[in-house]
Amino acid sequence: MASKQISTQQKKTIHPQRTTSKTLQPPVQENMRTRLTEKSWFVLLLILALTFISFIPSLKNGFITTWDDAVYVISNPIIQHLNLHTIKAMFTTPVASSYVPVPLLSFAIEYKLFGLHPAVFHLTNLLLHLLCVALVYHILKKLKLSTLFAALGAALFGVHPMHVESVVWISERKDLLFALFSLASIAIYFKYLSSDRNKLFLYLTSLLLFIIALFSKITAVTLPFSLLIIDYFMERPLKSRVFIEKIPFFLLSLIVGIAQIIAFRNQGILRTPAEIGFTDQIIYGFYALDAYILKFFIPLNLSAIYPFISAPGQSLSLLHYLSPLLALLLGYLIYRSVRHTRAVLFAALFFLVNIILMFQTQILTGGIGFLADRFSYLPYFGLCFLAVWAAEKLVVKHKDLKQLVTGVLIIICIIFTFVSFNRSKIWENDFTLWNDTIEKYPEEVYKSYSNRGIAFTSIGRWDDAISDFNRVIELDPKYVWGYNNRGVAYQNKSQWEGAVEDFSKAIEIDSNSLDAYAGRGISYGVLGFYDKAVRDLSKTIQIDPNYLKGYSNRGVTYANLGQWDKAIADYSKAIELDPEFQDAYVNRSIAYGKQAKWDQAIADGLKAIRIDPENAALHDKLGYYYSGKDDMKRAEEQFRKTLEIENNNFDAMLGLAVVNFRNGDFVQSKNLLDQAKNIQPKLLKGMEGIAELENLGFFKPASVKVMLEKMMNGKDQ
């Protein structure tokens with residue numbers, strides 16, 4: 001025995017280098033790869049880095065002003081003033097028929113800290129997506145996947161092209177936040193299931209996170225069902241306790257769901273399009289379901305809007321009617337799998353529960369989003385799990401296929417990264433987005449022309465806008481917004497008769513079109529048909545008693561009729577509806593000025609200036625109100641402030657000339673008057689020019705006009 005031991009030892013020491021180099025090196029490399037893949041933090045960093053690269057172009061993108069970003073962010077007064085009053089409004093007032101207080105609060109914080117810089121909003125969206133990816137990785141591990149395949153599943157979720165819309169569209173912050181807090185609630189729920197300590201605290205934390213998810217987007221109401229599906233997968237005995245602990249979750253879902261249905265119904269949104277019947281709705285449901293499943297594997301031909309049969313002449317195709325067959329086949333395969341594993345049914349149910357509510361609600365509300373990439377955000381967690389679970393099972397059964405399977409999944413993630421990277425660029429601005437949709441669906445998605453036309457109006461390209469609106473009307477002659485939007489374009493080209501014709505056509509199609517009555521009322525006012533203008537603007541208030549611009553515009557019409565008391569009443573109602581509505585203060589101050597009620601005019605002028613301190617025109621008007629009151633000291637202060645902001649403001653120079661004339665400094669008065677004449681040639685006409693300027697809105701008190709007449713005639717005071 002001793003001899004053999006010595007001999008063995010000699011063999012071990014005679015050729016140490018050869019033995020190590022030939023037989024030990026591969027295991028060392030394999031062990032190193034294993035150690036790296038088992039380091040969760042390292043793997044997570046790789047996933048997050050890949051995800052960040054996929055969406056990095058979004059940081060250069062702007063707002064999509066023609067599609068919700070204006071409503072939720074740019075023109076939303078609630079987010080522009082962060083205080084207790086606006087926070088209360090966020091939690092009590094729906095925006096665009098949606099109850100989304102948490103996203104609004106996040107927008108308000110960003111606006112307060114950084115203003116309207118789109119890069120900040122895009123960065124926040126991307127960071128929220130990265131947090132969601134991290135939670136997906138954590139939950140996949142809790143679902144009994146190895147670190148390697150949990151990482152691949154999280155990477156698939158992170159870089160999937162169908163998630164581009166949710167991440168790079170600022171308004172879809174609600175998708176990211178509801179998913180984040182839903183996933184966080186699920187993660188805590190797993191902790192609750194596995195822990196023997198602090199169970200009440202963990203349960204309440206999961207419930208609290210669910211509440212925040214509900215405050216982010218109504219679709220979080222499906223979370224209680226997701227928790228039951230998790231109970232099934234984790235093989236919890238389906239005893240009464242499992243259901244009792246879900247009661248608070250279901251009650252909250254029921255309350256929020258009913259509240260949203262009431263909101264939809266009150267705003268006339270909860271309706272089925274007249275073009276399709278109940279059977280076709282079911283067919284559309286199957287078609288959309290199949291599309292989501294297929295786009296998970298082959299995310300091609302992605303679009304902001306997909307064709308929906310809402311235009312004349314469109315009908316369901318054979319492909320639509322065959323779509324239930326795929327769903328039934330998949331259902332049969334899932335049923336067959338149950339006897340072998342719970343994983344397939346778990347993944348399918350998680351996907352179905354979280355996807356059906358979203359696109360079916362869109363069908364019932366007549367929305368164009370019956371099929372929308374953003375609806376796949378959280379539901380695709382189920383399909384990501386299924387994909388990597390199946391891959392891992394294959395590797396366990398055939399260990400020699402591990403490198404091939406993982407390699408294929410990695411290649412898919414890299415391809416998806418490339419697709420998402422390029423898809424993110426499509427969302428750069430309104431034009432890149434709608435050009436892409438029009439290129440893919442030049443006739444089917446006519447609303448893309450409408451959105452692009454609106455984008456053209458925002459940069460003053462009226463002819464291009466009208467061309468797009470013409471195309472919309474050509475594709476759907478009954479589309480109200482085609483006429484409304486073209487009417488607005490005609491207004492901006494001062495083609496008022498054309499605008500009246502378009503708004504009238506819109507009213508013919510929809511007798512309750514508020515925007516059509518508002519547009520036609522304004523057009524009538526410009527054309528001098530004040531009675532018709534009052535009639536149309538009164539109709540807007542009848543349709544919506546809280547329509548702020550209806551009161552404001554009708555007030556302007558009453559002012560043009562010289563009915564100052566009625567004008568003041570309308571401006572006052574507008575201010576009641578929005579205490580920060582600057583135009584109403586300005587117009588009411590003018591109405592008070594016309595009545596020589598200088599104290600009221602000055603008070604409104606000061607309120608308008610508080611809202612916009614650097615507005616030269618406001619300071620100029622206030623200077624004339626003080627002049628009318630014969631308070632020349634304060635008048636001079638306001639005129640000088642006007643020139644400080646805008647040094648070539650002829651009206652302020654004219655006002656200062658009046659102040660100097662009133663104070664006896666006739667030389668300086670003449671110099672200022674000459675400067676004003678050099679800038680504004682109408683002043684060379686004397687009082688006739690003053691009258692023309694008054695018609696253009698340059699108000700002058702009677703006492704000021706007396707002095708101006710003397711100045712124009714070269715007389716001393």
# chains A, B, ... in the order shown; residues from 1 in each chain; ligands from 1
>>> select_by_dssp(residues="region 337-567 of chain A", states="helix (DSSP H, G or I)", output="number ranges by chain")
A: 337, 343-364, 373-376, 380-397, 399-426, 430-440, 447-458, 462-475, 480-492, 496-509, 514-527, 530-543, 548-560, 564-567
>>> residues_around(residues="Gly689 (chain A)", least_positions_apart="6", cutoff="12 Å", atoms="only C-alpha atoms", output="ChimeraX atom specification")
/A:677,680-683,695-696,698,705,708-709,712
>>> atom_distance(atom1="CA of Arg588 (chain A)", atom2="CA of Phe639 (chain A)")
20.5 Å
>>> residues_around(residues="Leu145 (chain A)", least_positions_apart="2", cutoff="9 Å", atoms="only C-alpha atoms", output="PyMOL selection string")
chain A and resi 140-143+147-150+385+388-389+392
>>> write_last_selection(atoms="N, CA, C and O atoms", output="tab-separated table (two decimals), in the first residue's frame")
chain	number	residue	atom	x	y	z
A	140	LEU	N	-38.87	36.37	-11.73
A	140	LEU	CA	-38.59	35.15	-12.49
A	140	LEU	C	-37.76	34.16	-11.67
A	140	LEU	O	-37.97	32.95	-11.76
A	141	LYS	N	-36.86	34.67	-10.87
A	141	LYS	CA	-36.10	33.78	-9.99
A	141	LYS	C	-37.00	33.17	-8.93
A	141	LYS	O	-36.84	32.00	-8.56
A	142	LYS	N	-37.96	33.96	-8.43
A	142	LYS	CA	-38.91	33.44	-7.45
A	142	LYS	C	-39.81	32.37	-8.07
A	142	LYS	O	-40.35	31.52	-7.36
A	143	LEU	N	-39.96	32.42	-9.39
A	143	LEU	CA	-40.77	31.43	-10.10
A	143	LEU	C	-39.95	30.19	-10.47
A	143	LEU	O	-40.29	29.47	-11.41
A	147	THR	N	-30.68	31.46	-12.40
A	147	THR	CA	-30.21	32.83	-12.62
A	147	THR	C	-30.03	33.12	-14.11
A	147	THR	O	-30.42	34.18	-14.61
A	148	LEU	N	-29.46	32.16	-14.84
A	148	LEU	CA	-29.21	32.35	-16.27
A	148	LEU	C	-30.51	32.59	-17.03
A	148	LEU	O	-30.63	33.57	-17.78
A	149	PHE	N	-31.50	31.74	-16.82
A	149	PHE	CA	-32.73	31.86	-17.61
A	149	PHE	C	-33.64	32.97	-17.09
A	149	PHE	O	-34.40	33.56	-17.87
A	150	ALA	N	-33.56	33.28	-15.81
A	150	ALA	CA	-34.27	34.46	-15.29
A	150	ALA	C	-33.70	35.71	-15.94
A	150	ALA	O	-34.43	36.64	-16.30
A	385	PHE	N	-41.83	34.66	-19.41
A	385	PHE	CA	-41.62	33.52	-18.50
A	385	PHE	C	-41.76	32.20	-19.26
A	385	PHE	O	-40.93	31.29	-19.13
A	388	VAL	N	-38.62	31.41	-21.59
A	388	VAL	CA	-37.37	30.98	-20.94
A	388	VAL	C	-37.60	29.72	-20.09
A	388	VAL	O	-36.67	28.91	-19.92
A	389	TRP	N	-38.81	29.53	-19.57
A	389	TRP	CA	-39.11	28.28	-18.85
A	389	TRP	C	-38.98	27.09	-19.81
A	389	TRP	O	-38.37	26.07	-19.47
A	392	GLU	N	-35.34	26.47	-20.59
A	392	GLU	CA	-34.62	25.82	-19.48
A	392	GLU	C	-34.99	24.34	-19.39
A	392	GLU	O	-34.12	23.48	-19.14
>>> residues_around(residues="region 589-601 of chain A", least_positions_apart="3", cutoff="10 Å", atoms="only C-alpha atoms", output="ChimeraX atom specification")
/A:555-556,559,562-568,571,583-586,604-608,621-622,624-630,697,699-702
>>> write_last_selection(atoms="N, CA and C atoms", output="mmCIF file, in the first residue's frame")
data_model
loop_
_atom_site.group_PDB
_atom_site.id
_atom_site.type_symbol
_atom_site.label_atom_id
_atom_site.label_comp_id
_atom_site.auth_asym_id
_atom_site.auth_seq_id
_atom_site.Cartn_x
_atom_site.Cartn_y
_atom_site.Cartn_z
ATOM 1 N N GLY A 555 -67.670 86.498 -24.386
ATOM 2 C CA GLY A 555 -67.390 87.799 -23.785
ATOM 3 C C GLY A 555 -66.787 88.762 -24.788
ATOM 4 N N VAL A 556 -65.863 88.260 -25.612
ATOM 5 C CA VAL A 556 -65.247 89.093 -26.649
ATOM 6 C C VAL A 556 -66.310 89.558 -27.645
ATOM 7 N N ALA A 559 -68.315 92.243 -26.205
ATOM 8 C CA ALA A 559 -67.507 93.472 -26.199
ATOM 9 C C ALA A 559 -67.562 94.144 -27.569
ATOM 10 N N GLY A 562 -70.430 96.114 -27.875
ATOM 11 C CA GLY A 562 -70.511 97.200 -26.911
ATOM 12 C C GLY A 562 -71.352 96.866 -25.698
ATOM 13 N N GLN A 563 -71.657 95.581 -25.496
ATOM 14 C CA GLN A 563 -72.449 95.151 -24.343
ATOM 15 C C GLN A 563 -71.493 94.765 -23.210
ATOM 16 N N TRP A 564 -70.950 95.799 -22.566
ATOM 17 C CA TRP A 564 -69.841 95.614 -21.631
ATOM 18 C C TRP A 564 -70.236 94.813 -20.397
ATOM 19 N N ASP A 565 -71.422 95.015 -19.874
ATOM 20 C CA ASP A 565 -71.832 94.277 -18.672
ATOM 21 C C ASP A 565 -71.925 92.775 -18.954
ATOM 22 N N LYS A 566 -72.480 92.406 -20.119
ATOM 23 C CA LYS A 566 -72.547 90.991 -20.487
ATOM 24 C C LYS A 566 -71.144 90.423 -20.705
ATOM 25 N N ALA A 567 -70.280 91.250 -21.311
ATOM 26 C CA ALA A 567 -68.898 90.807 -21.525
ATOM 27 C C ALA A 567 -68.215 90.544 -20.192
ATOM 28 N N ILE A 568 -68.377 91.481 -19.252
ATOM 29 C CA ILE A 568 -67.753 91.330 -17.937
ATOM 30 C C ILE A 568 -68.287 90.091 -17.217
ATOM 31 N N TYR A 571 -66.531 87.076 -18.773
ATOM 32 C CA TYR A 571 -65.135 87.006 -18.345
ATOM 33 C C TYR A 571 -65.044 86.558 -16.888
ATOM 34 N N ASP A 583 -56.102 85.577 -20.144
ATOM 35 C CA ASP A 583 -56.853 86.313 -21.164
ATOM 36 C C ASP A 583 -58.131 86.929 -20.598
ATOM 37 N N ALA A 584 -58.779 86.198 -19.693
ATOM 38 C CA ALA A 584 -60.025 86.709 -19.121
ATOM 39 C C ALA A 584 -59.769 87.956 -18.280
ATOM 40 N N TYR A 585 -58.676 87.962 -17.517
ATOM 41 C CA TYR A 585 -58.329 89.158 -16.734
ATOM 42 C C TYR A 585 -58.045 90.343 -17.660
ATOM 43 N N VAL A 586 -57.283 90.073 -18.727
ATOM 44 C CA VAL A 586 -56.930 91.150 -19.667
ATOM 45 C C VAL A 586 -58.187 91.718 -20.314
ATOM 46 N N ASP A 604 -57.520 94.102 -12.357
ATOM 47 C CA ASP A 604 -57.419 92.964 -13.280
ATOM 48 C C ASP A 604 -56.093 92.972 -14.030
ATOM 49 N N GLY A 605 -55.618 94.168 -14.397
ATOM 50 C CA GLY A 605 -54.326 94.265 -15.075
ATOM 51 C C GLY A 605 -53.198 93.746 -14.211
ATOM 52 N N LEU A 606 -53.234 94.066 -12.914
ATOM 53 C CA LEU A 606 -52.195 93.601 -11.987
ATOM 54 C C LEU A 606 -52.252 92.078 -11.816
ATOM 55 N N LYS A 607 -53.475 91.512 -11.804
ATOM 56 C CA LYS A 607 -53.606 90.055 -11.692
ATOM 57 C C LYS A 607 -53.036 89.369 -12.935
ATOM 58 N N ALA A 608 -53.277 89.963 -14.095
ATOM 59 C CA ALA A 608 -52.731 89.392 -15.324
ATOM 60 C C ALA A 608 -51.212 89.437 -15.323
ATOM 61 N N LYS A 621 -50.829 98.249 -21.280
ATOM 62 C CA LYS A 621 -52.245 98.500 -20.996
ATOM 63 C C LYS A 621 -52.411 99.116 -19.608
ATOM 64 N N LEU A 622 -51.675 98.566 -18.638
ATOM 65 C CA LEU A 622 -51.787 99.077 -17.273
ATOM 66 C C LEU A 622 -51.361 100.541 -17.206
ATOM 67 N N TYR A 624 -51.846 102.802 -19.478
ATOM 68 C CA TYR A 624 -52.966 103.621 -19.948
ATOM 69 C C TYR A 624 -54.104 103.667 -18.924
ATOM 70 N N TYR A 625 -54.295 102.567 -18.170
ATOM 71 C CA TYR A 625 -55.316 102.618 -17.114
ATOM 72 C C TYR A 625 -54.939 103.654 -16.057
ATOM 73 N N TYR A 626 -53.658 103.664 -15.674
ATOM 74 C CA TYR A 626 -53.202 104.667 -14.699
ATOM 75 C C TYR A 626 -53.327 106.075 -15.292
ATOM 76 N N SER A 627 -53.060 106.192 -16.609
ATOM 77 C CA SER A 627 -53.210 107.501 -17.261
ATOM 78 C C SER A 627 -54.663 107.958 -17.208
ATOM 79 N N GLY A 628 -55.585 107.022 -17.447
ATOM 80 C CA GLY A 628 -56.998 107.364 -17.378
ATOM 81 C C GLY A 628 -57.403 107.828 -15.996
ATOM 82 N N LYS A 629 -56.742 107.303 -14.976
ATOM 83 C CA LYS A 629 -57.005 107.707 -13.594
ATOM 84 C C LYS A 629 -56.227 108.967 -13.223
ATOM 85 N N ASP A 630 -55.399 109.445 -14.162
ATOM 86 C CA ASP A 630 -54.542 110.617 -13.960
ATOM 87 C C ASP A 630 -53.464 110.365 -12.916
ATOM 88 N N GLY A 697 -56.976 97.136 -31.202
ATOM 89 C CA GLY A 697 -56.837 96.705 -29.813
ATOM 90 C C GLY A 697 -55.976 97.586 -28.944
ATOM 91 N N PHE A 699 -56.053 100.242 -26.818
ATOM 92 C CA PHE A 699 -57.038 101.045 -26.088
ATOM 93 C C PHE A 699 -56.438 102.357 -25.578
ATOM 94 N N LYS A 700 -57.234 103.437 -25.680
ATOM 95 C CA LYS A 700 -56.806 104.740 -25.166
ATOM 96 C C LYS A 700 -57.967 105.371 -24.376
ATOM 97 N N PRO A 701 -57.743 105.767 -23.120
ATOM 98 C CA PRO A 701 -58.766 106.478 -22.348
ATOM 99 C C PRO A 701 -59.120 107.812 -23.018
ATOM 100 N N ALA A 702 -60.314 108.282 -22.762
ATOM 101 C CA ALA A 702 -60.782 109.532 -23.372
ATOM 102 C C ALA A 702 -59.864 110.693 -23.031
#
